[in-house]
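The data block below is model06.cif; it holds mmCIF, C-alpha atoms.
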```
data_target
#
loop_
_atom_site.group_PDB
_atom_site.id
_atom_site.type_symbol
_atom_site.label_atom_id
_atom_site.label_comp_id
_atom_site.auth_asym_id
_atom_site.auth_seq_id
_atom_site.Cartn_x
_atom_site.Cartn_y
_atom_site.Cartn_z
ATOM 1 C CA MET A 1 -28.454 0.878 -3.510
ATOM 2 C CA ASP A 2 -26.283 1.852 -6.457
ATOM 3 C CA THR A 3 -26.235 5.514 -5.478
ATOM 4 C CA PHE A 4 -25.219 4.562 -1.937
ATOM 5 C CA PHE A 5 -22.224 2.648 -3.264
ATOM 6 C CA ASP A 6 -21.295 5.504 -5.588
ATOM 7 C CA THR A 7 -21.062 7.943 -2.690
ATOM 8 C CA PHE A 8 -19.313 5.299 -0.571
ATOM 9 C CA PHE A 9 -16.631 4.789 -3.223
ATOM 10 C CA LEU A 10 -16.240 8.556 -3.561
ATOM 11 C CA TYR A 11 -15.620 8.951 0.159
ATOM 12 C CA MET A 12 -13.258 5.959 0.134
ATOM 13 C CA ALA A 13 -11.284 7.608 -2.683
ATOM 14 C CA LEU A 14 -11.135 10.805 -0.621
ATOM 15 C CA ALA A 15 -9.883 8.898 2.442
ATOM 16 C CA VAL A 16 -7.238 6.984 0.470
ATOM 17 C CA GLY A 17 -6.150 10.235 -1.189
ATOM 18 C CA ILE A 18 -5.629 11.873 2.206
ATOM 19 C CA ILE A 19 -3.810 8.787 3.545
ATOM 20 C CA LEU A 20 -1.589 8.818 0.437
ATOM 21 C CA LEU A 21 -0.328 12.295 1.354
ATOM 22 C CA ILE A 22 1.004 11.243 4.784
ATOM 23 C CA PRO A 23 4.172 9.352 3.594
ATOM 24 C CA PHE A 24 5.196 12.381 1.506
ATOM 25 C CA TYR A 25 6.314 13.950 4.786
ATOM 26 C CA ARG A 26 8.801 11.098 5.165
ATOM 27 C CA VAL A 27 9.884 11.517 1.534
ATOM 28 C CA TYR A 28 10.504 15.221 2.177
ATOM 29 C CA LYS A 29 12.211 14.945 5.585
ATOM 30 C CA GLY A 30 13.755 11.461 5.678
ATOM 31 C CA PRO A 31 17.275 11.491 7.122
ATOM 32 C CA THR A 32 18.624 8.845 4.761
ATOM 33 C CA LEU A 33 18.002 7.907 1.162
ATOM 34 C CA PHE A 34 16.298 4.660 2.131
ATOM 35 C CA ASP A 35 13.606 6.469 4.118
ATOM 36 C CA ARG A 36 12.706 8.428 1.016
ATOM 37 C CA LEU A 37 12.625 5.290 -1.130
ATOM 38 C CA LEU A 38 10.406 3.577 1.462
ATOM 39 C CA GLY A 39 7.987 6.495 1.388
ATOM 40 C CA VAL A 40 7.864 6.406 -2.397
ATOM 41 C CA ALA A 41 7.154 2.651 -2.333
ATOM 42 C CA ALA A 42 4.323 3.172 0.189
ATOM 43 C CA VAL A 43 2.752 5.885 -1.986
ATOM 44 C CA GLY A 44 3.006 3.622 -5.037
ATOM 45 C CA GLY A 45 1.266 0.797 -3.200
ATOM 46 C CA LYS A 46 -1.666 3.026 -2.283
ATOM 47 C CA THR A 47 -1.864 4.300 -5.864
ATOM 48 C CA ILE A 48 -3.013 0.802 -6.910
ATOM 49 C CA THR A 49 -6.106 1.040 -4.710
ATOM 50 C CA ILE A 50 -6.944 4.596 -5.762
ATOM 51 C CA VAL A 51 -6.779 3.686 -9.481
ATOM 52 C CA LEU A 52 -9.110 0.729 -8.820
ATOM 53 C CA LEU A 53 -11.481 3.087 -6.966
ATOM 54 C CA PHE A 54 -11.547 5.420 -9.965
ATOM 55 C CA GLY A 55 -12.463 2.411 -12.088
ATOM 56 C CA LEU A 56 -15.368 1.599 -9.763
ATOM 57 C CA ILE A 57 -16.558 5.229 -9.749
ATOM 58 C CA TYR A 58 -16.477 5.534 -13.541
ATOM 59 C CA GLY A 59 -18.039 2.077 -13.943
ATOM 60 C CA ARG A 60 -15.249 0.747 -16.161
ATOM 61 C CA LEU A 61 -13.305 -1.459 -13.744
ATOM 62 C CA ASP A 62 -12.240 -3.894 -16.496
ATOM 63 C CA MET A 63 -10.185 -1.186 -18.158
ATOM 64 C CA PHE A 64 -8.688 0.417 -15.026
ATOM 65 C CA ILE A 65 -7.614 -2.943 -13.612
ATOM 66 C CA ASP A 66 -4.888 -3.321 -16.252
ATOM 67 C CA ILE A 67 -3.649 0.204 -15.507
ATOM 68 C CA SER A 68 -3.396 -0.605 -11.794
ATOM 69 C CA LEU A 69 -1.549 -3.854 -12.556
ATOM 70 C CA GLY A 70 0.896 -1.788 -14.611
ATOM 71 C CA TYR A 71 1.353 0.599 -11.670
ATOM 72 C CA ALA A 72 2.062 -2.368 -9.359
ATOM 73 C CA ILE A 73 4.690 -3.846 -11.699
ATOM 74 C CA LEU A 74 6.298 -0.407 -12.246
ATOM 75 C CA ASN A 75 6.502 0.226 -8.490
ATOM 76 C CA PHE A 76 8.122 -3.140 -7.816
ATOM 77 C CA VAL A 77 10.622 -2.901 -10.669
ATOM 78 C CA GLY A 78 11.496 0.677 -9.689
ATOM 79 C CA VAL A 79 12.300 -0.237 -6.089
ATOM 80 C CA ILE A 80 14.362 -3.262 -7.132
ATOM 81 C CA ALA A 81 16.290 -1.148 -9.657
ATOM 82 C CA MET A 82 16.966 1.511 -7.002
ATOM 83 C CA THR A 83 18.298 -1.098 -4.575
ATOM 84 C CA LYS A 84 20.612 -2.442 -7.268
ATOM 85 C CA TYR A 85 21.731 1.087 -8.142
ATOM 86 C CA PHE A 86 22.652 2.631 -4.768
ATOM 87 C CA LYS A 87 25.627 0.592 -3.641
ATOM 88 C CA LYS A 88 27.716 3.292 -1.962
ATOM 89 C CA SER A 89 27.864 3.680 1.786
ATOM 90 C CA ALA A 90 24.833 5.193 3.514
ATOM 91 C CA SER A 91 26.793 8.100 5.019
ATOM 92 C CA ASP A 92 27.394 9.543 1.555
ATOM 93 C CA TYR A 93 23.764 10.586 1.090
ATOM 94 C CA MET B 1 -31.256 -14.214 -2.741
ATOM 95 C CA GLU B 2 -32.071 -10.852 -1.170
ATOM 96 C CA ASN B 3 -30.306 -11.817 2.076
ATOM 97 C CA PHE B 4 -27.213 -12.856 0.145
ATOM 98 C CA THR B 5 -26.972 -9.420 -1.481
ATOM 99 C CA ILE B 6 -27.216 -7.681 1.890
ATOM 100 C CA ILE B 7 -24.516 -9.951 3.381
ATOM 101 C CA GLN B 8 -22.311 -9.293 0.338
ATOM 102 C CA ASP B 9 -22.662 -5.518 0.701
ATOM 103 C CA ILE B 10 -21.939 -5.591 4.431
ATOM 104 C CA ALA B 11 -18.850 -7.774 3.894
ATOM 105 C CA ALA B 12 -17.570 -5.473 1.128
ATOM 106 C CA ILE B 13 -18.044 -2.346 3.268
ATOM 107 C CA ALA B 14 -16.385 -3.985 6.292
ATOM 108 C CA LEU B 15 -13.379 -5.155 4.259
ATOM 109 C CA MET B 16 -12.923 -1.735 2.654
ATOM 110 C CA LEU B 17 -13.152 0.104 5.987
ATOM 111 C CA GLY B 18 -10.655 -2.339 7.494
ATOM 112 C CA GLY B 19 -8.306 -1.803 4.567
ATOM 113 C CA VAL B 20 -8.489 1.988 4.951
ATOM 114 C CA PHE B 21 -7.819 1.603 8.700
ATOM 115 C CA PHE B 22 -4.725 -0.530 8.126
ATOM 116 C CA MET B 23 -3.421 1.804 5.411
ATOM 117 C CA LEU B 24 -3.831 4.737 7.840
ATOM 118 C CA VAL B 25 -1.953 2.826 10.565
ATOM 119 C CA GLY B 26 0.849 1.986 8.122
ATOM 120 C CA SER B 27 1.195 5.614 6.992
ATOM 121 C CA ILE B 28 1.325 6.879 10.582
ATOM 122 C CA GLY B 29 3.897 4.177 11.378
ATOM 123 C CA ILE B 30 6.106 5.277 8.480
ATOM 124 C CA ASN B 31 6.135 8.766 9.973
ATOM 125 C CA ARG B 32 6.313 7.979 13.688
ATOM 126 C CA LEU B 33 8.733 5.053 14.123
ATOM 127 C CA PRO B 34 12.301 5.992 15.080
ATOM 128 C CA ASP B 35 14.469 4.072 12.610
ATOM 129 C CA PHE B 36 14.568 3.028 8.966
ATOM 130 C CA TYR B 37 14.257 -0.654 9.903
ATOM 131 C CA CYS B 38 11.235 0.015 12.120
ATOM 132 C CA ARG B 39 9.672 2.017 9.290
ATOM 133 C CA ALA B 40 10.319 -0.886 6.917
ATOM 134 C CA HIS B 41 8.451 -3.073 9.402
ATOM 135 C CA ALA B 42 5.451 -0.700 9.194
ATOM 136 C CA ALA B 43 5.547 -0.413 5.402
ATOM 137 C CA GLY B 44 6.145 -4.082 4.680
ATOM 138 C CA LYS B 45 3.400 -5.714 6.694
ATOM 139 C CA VAL B 46 0.638 -3.314 7.696
ATOM 140 C CA ASP B 47 0.417 -1.528 4.339
ATOM 141 C CA THR B 48 0.372 -4.841 2.470
ATOM 142 C CA LEU B 49 -2.474 -6.120 4.640
ATOM 143 C CA GLY B 50 -4.396 -2.877 4.088
ATOM 144 C CA ILE B 51 -4.102 -3.039 0.302
ATOM 145 C CA MET B 52 -5.026 -6.741 0.266
ATOM 146 C CA MET B 53 -8.122 -6.172 2.421
ATOM 147 C CA PHE B 54 -9.196 -3.205 0.295
ATOM 148 C CA VAL B 55 -8.922 -5.105 -2.993
ATOM 149 C CA GLY B 56 -10.611 -8.083 -1.290
ATOM 150 C CA GLY B 57 -13.571 -5.840 -0.521
ATOM 151 C CA MET B 58 -13.721 -4.926 -4.210
ATOM 152 C CA VAL B 59 -13.722 -8.658 -5.077
ATOM 153 C CA VAL B 60 -16.669 -9.261 -2.724
ATOM 154 C CA HIS B 61 -18.538 -6.291 -4.182
ATOM 155 C CA GLU B 62 -17.883 -7.373 -7.774
ATOM 156 C CA GLY B 63 -19.141 -10.938 -7.423
ATOM 157 C CA PHE B 64 -18.163 -13.902 -9.539
ATOM 158 C CA THR B 65 -16.848 -12.412 -12.784
ATOM 159 C CA LEU B 66 -13.661 -12.221 -14.849
ATOM 160 C CA THR B 67 -12.892 -8.821 -13.326
ATOM 161 C CA SER B 68 -12.825 -10.267 -9.813
ATOM 162 C CA ALA B 69 -10.436 -12.985 -11.033
ATOM 163 C CA LYS B 70 -8.092 -10.227 -12.202
ATOM 164 C CA LEU B 71 -8.521 -8.503 -8.827
ATOM 165 C CA ILE B 72 -7.493 -11.738 -7.077
ATOM 166 C CA LEU B 73 -4.439 -11.738 -9.367
ATOM 167 C CA ILE B 74 -3.611 -8.212 -8.140
ATOM 168 C CA ILE B 75 -3.984 -9.406 -4.520
ATOM 169 C CA ALA B 76 -1.527 -12.249 -5.157
ATOM 170 C CA PHE B 77 0.893 -9.892 -6.905
ATOM 171 C CA VAL B 78 0.835 -7.349 -4.064
ATOM 172 C CA ALA B 79 1.191 -10.117 -1.467
ATOM 173 C CA VAL B 80 4.379 -11.300 -3.179
ATOM 174 C CA THR B 81 6.029 -8.094 -4.379
ATOM 175 C CA SER B 82 5.454 -5.555 -1.588
ATOM 176 C CA PRO B 83 7.340 -7.471 1.172
ATOM 177 C CA VAL B 84 10.029 -8.445 -1.348
ATOM 178 C CA ALA B 85 10.621 -4.794 -2.278
ATOM 179 C CA THR B 86 10.745 -3.743 1.394
ATOM 180 C CA HIS B 87 13.129 -6.581 2.181
ATOM 181 C CA ALA B 88 15.410 -5.600 -0.706
ATOM 182 C CA LEU B 89 15.499 -2.007 0.581
ATOM 183 C CA ALA B 90 16.285 -3.111 4.162
ATOM 184 C CA ARG B 91 18.989 -5.494 2.948
ATOM 185 C CA ARG B 92 20.628 -2.773 0.871
ATOM 186 C CA ALA B 93 20.502 -0.384 3.836
ATOM 187 C CA LEU B 94 22.115 -2.990 6.113
ATOM 188 C CA LEU B 95 24.823 -3.837 3.559
ATOM 189 C CA SER B 96 25.659 -0.165 3.026
ATOM 190 C CA GLY B 97 26.217 0.299 6.748
ATOM 191 C CA LEU B 98 23.149 2.125 8.072
ATOM 192 C CA LYS B 99 23.221 2.072 11.878
ATOM 193 C CA ILE B 100 20.469 0.259 13.769
ATOM 194 C CA TRP B 101 18.566 2.447 16.228
ATOM 195 C CA GLU B 102 19.114 1.893 19.939
ATOM 196 C CA ARG B 103 17.216 3.301 22.890
ATOM 197 C CA GLN B 104 18.973 6.347 24.304
ATOM 198 C CA GLU B 105 18.403 5.775 28.027
ATOM 199 C CA PRO B 106 18.429 2.235 29.473
ATOM 200 C CA LEU B 107 15.191 0.613 30.543
ATOM 201 C CA LYS B 108 14.451 0.690 34.267
#
```

Can the structure in the file be given as C-alpha coordinates, please?
Amino acid sequence: MDTFFDTFFLYMALAVGIILLIPFYRVYKGPTLFDRLLGVAAVGGKTITIVLLFGLIYGRLDMFIDISLGYAILNFVGVIAMTKYFKKSASDY
Amino acid sequence: MENFTIIQDIAAIALMLGGVFFMLVGSIGINRLPDFYCRAHAAGKVDTLGIMMFVGGMVVHEGFTLTSAKLILIIAFVAVTSPVATHALARRALLSGLKIWERQEPLK
(Lines of atoms letter the chains of each structure in order from A and count residues from 1; the text may use other names and numbers.)
(Lines give C-alpha, C1' and ligand atoms only; values in the text may rest on other atoms or scores of the structure.)
Protein backbone atom coordinates (compact mmCIF):
# COMPACT_ATOMS: atom_id res chain seq x y z
CA MET A 1 0.00 0.00 0.00
CA ASP A 2 2.92 2.32 0.65
CA THR A 3 4.24 1.99 -2.89
CA PHE A 4 0.78 2.78 -4.26
CA PHE A 5 0.69 6.02 -2.30
CA ASP A 6 4.22 6.90 -3.39
CA THR A 7 3.26 6.69 -7.06
CA PHE A 8 -0.04 8.47 -6.33
CA PHE A 9 1.78 11.40 -4.70
CA LEU A 10 4.22 11.50 -7.61
CA TYR A 11 1.40 11.78 -10.14
CA MET A 12 -0.36 14.37 -7.97
CA ALA A 13 2.85 16.43 -7.92
CA LEU A 14 3.01 16.14 -11.71
CA ALA A 15 -0.61 17.28 -12.06
CA VAL A 16 -0.17 20.23 -9.68
CA GLY A 17 3.04 21.19 -11.50
CA ILE A 18 1.21 21.29 -14.83
CA ILE A 19 -1.71 23.23 -13.30
CA LEU A 20 0.80 25.70 -11.81
CA LEU A 21 2.03 26.59 -15.30
CA ILE A 22 -1.40 27.71 -16.56
CA PRO A 23 -1.59 31.11 -14.71
CA PHE A 24 1.84 32.05 -16.09
CA TYR A 25 0.05 32.76 -19.37
CA ARG A 26 -1.96 35.43 -17.56
CA VAL A 27 1.22 36.78 -15.95
CA TYR A 28 2.82 37.03 -19.40
CA LYS A 29 -0.15 38.47 -21.32
CA GLY A 30 -2.27 40.28 -18.72
CA PRO A 31 -3.51 43.65 -19.98
CA THR A 32 -3.14 45.40 -16.64
CA LEU A 33 -0.74 45.17 -13.74
CA PHE A 34 -3.37 43.66 -11.47
CA ASP A 35 -3.89 40.67 -13.76
CA ARG A 36 -0.20 39.88 -13.47
CA LEU A 37 -0.27 40.23 -9.69
CA LEU A 38 -3.32 37.95 -9.52
CA GLY A 39 -1.52 35.32 -11.57
CA VAL A 40 1.51 35.52 -9.32
CA ALA A 41 -0.69 35.12 -6.22
CA ALA A 42 -2.39 32.05 -7.76
CA VAL A 43 0.99 30.45 -8.54
CA GLY A 44 2.16 31.14 -4.99
CA GLY A 45 -0.93 29.50 -3.54
CA LYS A 46 -0.33 26.32 -5.54
CA THR A 47 3.33 26.32 -4.50
CA ILE A 48 2.19 25.56 -0.93
CA THR A 49 0.60 22.28 -2.03
CA ILE A 50 3.53 21.25 -4.21
CA VAL A 51 6.03 21.80 -1.36
CA LEU A 52 3.83 19.67 0.93
CA LEU A 53 3.73 16.96 -1.77
CA PHE A 54 7.53 16.96 -1.94
CA GLY A 55 7.54 16.48 1.82
CA LEU A 56 5.24 13.46 1.48
CA ILE A 57 7.35 11.98 -1.33
CA TYR A 58 10.62 12.36 0.58
CA GLY A 59 8.98 11.12 3.80
CA ARG A 60 9.96 14.19 5.82
CA LEU A 61 6.67 16.10 6.01
CA ASP A 62 7.49 17.58 9.43
CA MET A 63 10.37 19.54 7.95
CA PHE A 64 8.71 20.63 4.68
CA ILE A 65 5.59 21.86 6.48
CA ASP A 66 7.46 24.82 7.98
CA ILE A 67 8.87 25.70 4.55
CA SER A 68 5.37 25.70 3.05
CA LEU A 69 4.07 27.87 5.91
CA GLY A 70 6.89 30.30 5.13
CA TYR A 71 5.86 30.31 1.46
CA ALA A 72 2.24 31.06 2.46
CA ILE A 73 3.24 33.99 4.70
CA LEU A 74 5.64 35.35 2.03
CA ASN A 75 2.94 35.19 -0.66
CA PHE A 76 0.41 37.01 1.50
CA VAL A 77 2.82 39.72 2.65
CA GLY A 78 4.07 40.21 -0.91
CA VAL A 79 0.59 40.78 -2.32
CA ILE A 80 -0.35 43.16 0.49
CA ALA A 81 2.89 45.12 0.00
CA MET A 82 2.25 45.35 -3.76
CA THR A 83 -1.27 46.68 -3.18
CA LYS A 84 0.10 49.31 -0.82
CA TYR A 85 2.83 50.21 -3.31
CA PHE A 86 0.95 50.71 -6.60
CA LYS A 87 -1.21 53.74 -5.94
CA LYS A 88 -1.06 55.45 -9.33
CA SER A 89 -3.90 55.25 -11.81
CA ALA A 90 -4.37 51.97 -13.68
CA SER A 91 -3.96 53.56 -17.12
CA ASP A 92 -0.31 54.33 -16.38
CA TYR A 93 0.75 50.67 -16.54
CA MET B 1 -9.29 -1.61 12.14
CA GLU B 2 -8.61 -2.83 8.60
CA ASN B 3 -11.86 -1.27 7.32
CA PHE B 4 -10.95 2.05 8.91
CA THR B 5 -7.64 2.15 7.03
CA ILE B 6 -9.38 1.48 3.71
CA ILE B 7 -11.97 4.22 4.39
CA GLN B 8 -9.15 6.61 5.34
CA ASP B 9 -7.26 5.92 2.11
CA ILE B 10 -10.36 6.33 -0.05
CA ALA B 11 -11.25 9.62 1.68
CA ALA B 12 -7.69 10.94 1.24
CA ILE B 13 -7.61 10.03 -2.46
CA ALA B 14 -11.06 11.56 -3.06
CA LEU B 15 -10.15 14.81 -1.29
CA MET B 16 -6.87 15.12 -3.20
CA LEU B 17 -8.52 14.46 -6.57
CA GLY B 18 -11.21 17.01 -5.74
CA GLY B 19 -8.57 19.55 -4.77
CA VAL B 20 -6.69 19.02 -8.05
CA PHE B 21 -9.98 19.41 -9.96
CA PHE B 22 -10.81 22.70 -8.26
CA MET B 23 -7.27 24.03 -8.75
CA LEU B 24 -7.55 23.18 -12.47
CA VAL B 25 -10.92 24.97 -12.70
CA GLY B 26 -9.47 28.03 -10.94
CA SER B 27 -6.46 28.17 -13.28
CA ILE B 28 -8.66 27.90 -16.38
CA GLY B 29 -10.93 30.61 -14.94
CA ILE B 30 -7.97 32.95 -14.42
CA ASN B 31 -7.17 32.57 -18.12
CA ARG B 32 -10.66 32.50 -19.62
CA LEU B 33 -12.76 35.11 -17.78
CA PRO B 34 -13.07 38.49 -19.50
CA ASP B 35 -12.22 41.01 -16.78
CA PHE B 36 -9.85 41.50 -13.85
CA TYR B 37 -12.74 41.41 -11.37
CA CYS B 38 -14.09 38.17 -12.83
CA ARG B 39 -10.59 36.69 -12.65
CA ALA B 40 -10.35 37.77 -9.01
CA HIS B 41 -13.60 35.89 -8.44
CA ALA B 42 -12.00 32.73 -9.91
CA ALA B 43 -8.74 33.12 -7.98
CA GLY B 44 -10.29 34.08 -4.66
CA LYS B 45 -12.81 31.32 -4.17
CA VAL B 46 -12.18 28.29 -6.37
CA ASP B 47 -8.41 28.21 -5.87
CA THR B 48 -8.80 28.59 -2.11
CA LEU B 49 -11.25 25.69 -1.98
CA GLY B 50 -8.88 23.56 -4.08
CA ILE B 51 -5.89 24.18 -1.81
CA MET B 52 -7.98 23.57 1.32
CA MET B 53 -9.35 20.27 -0.02
CA PHE B 54 -5.87 19.14 -1.09
CA VAL B 55 -4.30 19.84 2.31
CA GLY B 56 -7.37 18.27 3.94
CA GLY B 57 -6.64 15.08 2.03
CA MET B 58 -3.10 15.17 3.41
CA VAL B 59 -4.55 15.54 6.94
CA VAL B 60 -6.75 12.47 6.42
CA HIS B 61 -3.81 10.49 5.06
CA GLU B 62 -1.52 11.53 7.92
CA GLY B 63 -3.84 10.55 10.76
CA PHE B 64 -3.85 11.94 14.26
CA THR B 65 -0.37 13.39 14.76
CA LEU B 66 1.36 16.72 15.42
CA THR B 67 2.07 17.07 11.70
CA SER B 68 -1.64 16.96 10.85
CA ALA B 69 -2.26 19.66 13.48
CA LYS B 70 0.24 21.86 11.64
CA LEU B 71 -1.51 21.01 8.36
CA ILE B 72 -4.83 22.15 9.86
CA LEU B 73 -3.03 25.38 10.82
CA ILE B 74 -2.01 25.81 7.16
CA ILE B 75 -5.64 25.23 6.10
CA ALA B 76 -6.82 27.95 8.49
CA PHE B 77 -4.08 30.31 7.30
CA VAL B 78 -4.93 29.81 3.61
CA ALA B 79 -8.65 30.17 4.33
CA VAL B 80 -8.01 33.58 5.91
CA THR B 81 -5.21 35.05 3.80
CA SER B 82 -6.01 34.04 0.21
CA PRO B 83 -9.41 35.84 -0.04
CA VAL B 84 -7.97 38.80 1.89
CA ALA B 85 -5.12 39.17 -0.61
CA THR B 86 -7.51 38.89 -3.58
CA HIS B 87 -9.84 41.43 -2.00
CA ALA B 88 -6.97 43.86 -1.41
CA LEU B 89 -5.94 43.54 -5.07
CA ALA B 90 -9.52 44.11 -6.32
CA ARG B 91 -9.96 47.09 -4.00
CA ARG B 92 -6.73 48.67 -5.21
CA ALA B 93 -7.76 48.10 -8.83
CA LEU B 94 -11.16 49.73 -8.21
CA LEU B 95 -9.63 52.70 -6.37
CA SER B 96 -7.09 53.27 -9.14
CA GLY B 97 -9.87 53.48 -11.71
CA LEU B 98 -9.83 50.17 -13.60
CA LYS B 99 -12.96 49.93 -15.74
CA ILE B 100 -15.49 47.18 -15.04
CA TRP B 101 -16.19 44.91 -18.00
CA GLU B 102 -19.55 45.18 -19.74
CA ARG B 103 -21.11 42.94 -22.35
CA GLN B 104 -20.53 44.31 -25.84
CA GLU B 105 -23.89 43.48 -27.44
CA PRO B 106 -27.12 43.67 -25.39
CA LEU B 107 -28.86 40.50 -24.32
CA LYS B 108 -31.84 39.45 -26.43

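Of the listed residues (A:Ile18, A:Leu56, A:Ala72, A:Leu37), A:Ala72 comes nearest to Ile51 of chain B; the distances count only C-alpha atoms.
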
List the residues matched by the PyMOL selection byres ((chain A) within 8 of (chain B)) in the displayed structure as a PDB file with C-alpha atoms, in the coordinates of the input, ordered by chain and then by residue number.
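Written output follows (out_14.pdb):
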```pdb
ATOM      1  CA  MET A  12     -13.258   5.959   0.134  1.00  0.00           C
ATOM      2  CA  ALA A  15      -9.883   8.898   2.442  1.00  0.00           C
ATOM      3  CA  VAL A  16      -7.238   6.984   0.470  1.00  0.00           C
ATOM      4  CA  ILE A  19      -3.810   8.787   3.545  1.00  0.00           C
ATOM      5  CA  LEU A  20      -1.589   8.818   0.437  1.00  0.00           C
ATOM      6  CA  ILE A  22       1.004  11.243   4.784  1.00  0.00           C
ATOM      7  CA  PRO A  23       4.172   9.352   3.594  1.00  0.00           C
ATOM      8  CA  TYR A  25       6.314  13.950   4.786  1.00  0.00           C
ATOM      9  CA  ARG A  26       8.801  11.098   5.165  1.00  0.00           C
ATOM     10  CA  PHE A  34      16.298   4.660   2.131  1.00  0.00           C
ATOM     11  CA  ASP A  35      13.606   6.469   4.118  1.00  0.00           C
ATOM     12  CA  LEU A  38      10.406   3.577   1.462  1.00  0.00           C
ATOM     13  CA  GLY A  39       7.987   6.495   1.388  1.00  0.00           C
ATOM     14  CA  ALA A  42       4.323   3.172   0.189  1.00  0.00           C
ATOM     15  CA  GLY A  45       1.266   0.797  -3.200  1.00  0.00           C
ATOM     16  CA  LYS A  46      -1.666   3.026  -2.283  1.00  0.00           C
ATOM     17  CA  THR A  49      -6.106   1.040  -4.710  1.00  0.00           C
ATOM     18  CA  LEU A  61     -13.305  -1.459 -13.744  1.00  0.00           C
ATOM     19  CA  ASP A  62     -12.240  -3.894 -16.496  1.00  0.00           C
ATOM     20  CA  ILE A  65      -7.614  -2.943 -13.612  1.00  0.00           C
ATOM     21  CA  LEU A  69      -1.549  -3.854 -12.556  1.00  0.00           C
ATOM     22  CA  ALA A  72       2.062  -2.368  -9.359  1.00  0.00           C
ATOM     23  CA  PHE A  76       8.122  -3.140  -7.816  1.00  0.00           C
ATOM     24  CA  VAL A  79      12.300  -0.237  -6.089  1.00  0.00           C
ATOM     25  CA  ILE A  80      14.362  -3.262  -7.132  1.00  0.00           C
ATOM     26  CA  THR A  83      18.298  -1.098  -4.575  1.00  0.00           C
ATOM     27  CA  LYS A  87      25.627   0.592  -3.641  1.00  0.00           C
ATOM     28  CA  LYS A  88      27.716   3.292  -1.962  1.00  0.00           C
ATOM     29  CA  SER A  89      27.864   3.680   1.786  1.00  0.00           C
ATOM     30  CA  ALA A  90      24.833   5.193   3.514  1.00  0.00           C
ATOM     31  CA  SER A  91      26.793   8.100   5.019  1.00  0.00           C
TER      32      SER A  91
END
```

Exercise for review: Could you please determine the separation between atom CA of Phe64 of chain A and atom CA of Leu52 of chain A in Å, to one decimal place?
Suggested key: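 Atom CA of Phe64 of chain A sits 6.2 Å away from atom CA of Leu52 of chain A.
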
Point to revise | Straight-line distance linking atom CA of Ala11 of chain B with atom CA of Tyr71 of chain A, stated in Å to one decimal | key: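 These atoms are spaced 26.8 Å apart.
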
Write out as a PDB file with C-alpha atoms, keeping the file's coordinate frame each polymer residue whose atoms come within 8 Å of Leu15 of chain B, counting all atoms listed in the file; drop sequence neighbours fewer than 6 positions from it.
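Final output, saved to result-v7.pdb:
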```pdb
ATOM      1  CA  MET B  53      -8.122  -6.172   2.421  1.00  0.00           C
ATOM      2  CA  PHE B  54      -9.196  -3.205   0.295  1.00  0.00           C
ATOM      3  CA  GLY B  56     -10.611  -8.083  -1.290  1.00  0.00           C
ATOM      4  CA  GLY B  57     -13.571  -5.840  -0.521  1.00  0.00           C
TER       5      GLY B  57
END
```

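The spacing separating atom CA of Val60 of chain B from atom CA of Gln8 of chain B amounts to 6.4 Å.
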
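Shortest atom-to-atom contact with Ile73 of chain A among A:Ile48, A:Tyr85, A:Leu33, A:Gly59: A:Ile48, counting all atoms listed in the file.
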
Review point. What lies within 7 Å of Ile57 of chain A using all atoms listed in the file, ignoring chain neighbours under 2 positions off, as a list in words?
Key: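 Listed by chain and then number, they are Asp6, Phe9, Leu53, Phe54, Gly55 and Gly59 of chain A.
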